[in-house]
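First comes the structure, then the notes that go with it.
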Amino acid sequence: MIPVTETTLPAAIRAMEARPELAMFPLDNLARYGLGGEADRSMSLWADRAADPTTILGLTREGMVMPFAPGGIDAATCAPCLRGREIMGFIGAAPPVRAIMSATGLVGRAEGLGAEGLDKDEPQFLLDLERLTVPGGSGDLVSLAPYRDIAVDWRLAYDTELKVRLNDRDRAAADVARWIARDSHRVLVIDGMPVAMTGFNASLPDIVQVGGVYTPPERRNRGHARRAVALHLAEARAKGVRRATLFAASETAVACYRPLGFARIGDFAIVLLGESVTLPA
């Protein structure tokens, strides 16, 4: 694996854009924060070759590993790129994530870390927005900004349900502030009452990744989240977006998304180590 430079970056981006549903986070981070920048989510990249790469290893400045290897990965060649680096987690298609975790000796490091650790594979789905089915129902989809405080509460509740980052209200507030600045999330409001939240946690001109979907317990099982997601996707489709992807945290979420037209394409791994680990140099 060789470092990706500004000169070879276009080839790496082209490779990921050929299968963007497997590279939403690194592509979104590159578009927003660039290569080798000072922001926490700026990227360092390595590729198996400079021209027409087939394997790309991404690492954010804050330590999130993001592999892209649609044809399979040689984890033994990727692991040395991470030597001496501080790692906080992994995110991406499950097969390359699990292979690199094994090659770096980080399998199981999130276990036993309580609220700060997360290690799970979730089913990933893809939808051609021409096939989107928008369910009927009441309510309007509106900007998140007027509901900032409620959104923070919902973000914190979502993390609590996942048993990750418990009681970290500052981080929840920072997430919501970022969503408002990007105009990436929406609230479904019925008769003046916010009933569900939806959003895009990564966006490219041609495809969006759904994330940040939440309905408070007392409002569940009424189709609010499904309608909110569908309306937001219809809004994106009207702006020229052609596809959407997402990963589902539960069977309830799967049941919400399938009726919209989403089809499963694989598994997506999300790993938070709880406390950063610096790999031996």
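Labels used: A, B, ... for chains in the order of the structure tokens, numbers from 1 for residues in each chain, and numbers from 1 for ligands as shown.
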
Can you pull out the residues contacting Met16 in chain A? Cut-off 9 Å, using only C-alpha atoms, and skip same-chain residues under 3 positions away; I want them as a PDB file with C-alpha atoms, in the first residue's frame.
ATOM      1  CA  ALA A  11      -7.727   8.159  -9.114  1.00  0.00           C
ATOM      2  CA  ALA A  12      -8.654   7.090  -5.578  1.00  0.00           C
ATOM      3  CA  ILE A  13     -11.833   9.167  -5.660  1.00  0.00           C
ATOM      4  CA  ARG A  19     -19.143   2.003  -5.732  1.00  0.00           C
ATOM      5  CA  PRO A  20     -20.100   5.012  -3.597  1.00  0.00           C
ATOM      6  CA  GLU A  21     -22.470   3.028  -1.376  1.00  0.00           C
ATOM      7  CA  LEU A  22     -19.335   1.349   0.045  1.00  0.00           C
ATOM      8  CA  ALA A  23     -17.423   4.606   0.519  1.00  0.00           C
ATOM      9  CA  MET A  24     -19.917   7.231   1.669  1.00  0.00           C
ATOM     10  CA  PRO A  26     -14.539   8.701   3.210  1.00  0.00           C
ATOM     11  CA  LEU A  27     -15.946  10.425   0.113  1.00  0.00           C
ATOM     12  CA  THR A  54      -8.875  -1.501  -6.163  1.00  0.00           C
ATOM     13  CA  ILE A  56      -8.142   2.016  -0.457  1.00  0.00           C
ATOM     14  CA  PHE A  68     -12.797   0.351   0.724  1.00  0.00           C
TER      15      PHE A  68
END

Check range 106-262 of chain A with DSSP on the backbone and list each residue it calls strand (DSSP E), as an MDAnalysis selection string.
-> chainID A and resid 118:128 140:143 185:190 193:203 207:210 243:247

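The environment of range 8-10 of chain A within 9 Å, counting only C-alpha atoms and disregarding residues fewer than 5 places along the same chain, consists of Pro3, Ala15, Leu35, Leu45, Ala50 and Ala51 of chain A.
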
Tell me, counting only C-alpha atoms, for each residue of range 189-208 of chain A within 10 Å of range 148-158 of chain A, which pair of atoms is nearest and how far apart they are in Å to one decimal, in rows ordered by chain and increasing number, as a Markdown table.
| residue | atom | partner | partner_atom | distance |
| --- | --- | --- | --- | --- |
| A:Pro194 | CA | A:Ile150 | CA | 8.5 |
| A:Ala196 | CA | A:Trp154 | CA | 9.1 |
| A:Met197 | CA | A:Ala151 | CA | 7.7 |

Deliver the residues from the most recent selection as a file, using N, CA and C atoms, as a short mmCIF file (atom, residue, chain, number, x, y, z; two decimals), in the first residue's frame.
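Resulting contents of result.cif:
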data_model
loop_
_atom_site.label_atom_id
_atom_site.label_comp_id
_atom_site.auth_asym_id
_atom_site.auth_seq_id
_atom_site.Cartn_x
_atom_site.Cartn_y
_atom_site.Cartn_z
N PRO A 194 -43.53 17.77 17.02
CA PRO A 194 -42.49 16.97 16.35
C PRO A 194 -42.62 15.50 16.75
N ALA A 196 -40.91 12.74 14.71
CA ALA A 196 -39.82 11.89 14.23
C ALA A 196 -38.76 12.76 13.60
N MET A 197 -37.54 12.22 13.57
CA MET A 197 -36.40 12.92 12.96
C MET A 197 -35.76 12.01 11.92
#

Range 237-244 of chain A: which residues within 6 Å, counting only C-alpha atoms, same-chain residues fewer than 4 positions away excluded, as JSON, numbers by chain?
-> {"A": [126, 127, 128, 129, 206, 207, 208, 209]}

Go ahead and write the selection's residues with N, CA and C atoms as a compact mmCIF listing (two decimals), in the first residue's frame.
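The resulting out.txt:
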# COMPACT_ATOMS: atom_id res chain seq x y z
N LEU A 126 -29.79 -0.56 -0.19
CA LEU A 126 -29.62 0.39 -1.28
C LEU A 126 -30.95 0.57 -1.99
N LEU A 127 -31.20 1.78 -2.47
CA LEU A 127 -32.46 2.09 -3.14
C LEU A 127 -32.21 3.01 -4.32
N ASP A 128 -32.73 2.63 -5.49
CA ASP A 128 -32.83 3.53 -6.64
C ASP A 128 -34.04 4.43 -6.38
N LEU A 129 -33.82 5.72 -6.27
CA LEU A 129 -34.90 6.63 -5.86
C LEU A 129 -36.04 6.71 -6.86
N ASP A 206 -24.83 12.35 -6.21
CA ASP A 206 -25.65 11.31 -6.82
C ASP A 206 -26.30 10.37 -5.81
N ILE A 207 -25.83 10.38 -4.56
CA ILE A 207 -26.30 9.39 -3.58
C ILE A 207 -26.22 9.99 -2.19
N VAL A 208 -27.17 9.60 -1.34
CA VAL A 208 -27.16 10.03 0.06
C VAL A 208 -27.20 8.79 0.96
N GLN A 209 -26.71 8.97 2.17
CA GLN A 209 -26.76 7.91 3.17
C GLN A 209 -27.65 8.36 4.32

Go ahead and compute the interatomic distance for CA of Ala230 in chain A and CA of Thr133 in chain A, in Å to one decimal.
->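 Going from CA of Ala230 in chain A over to CA of Thr133 in chain A covers 7.2 Å.
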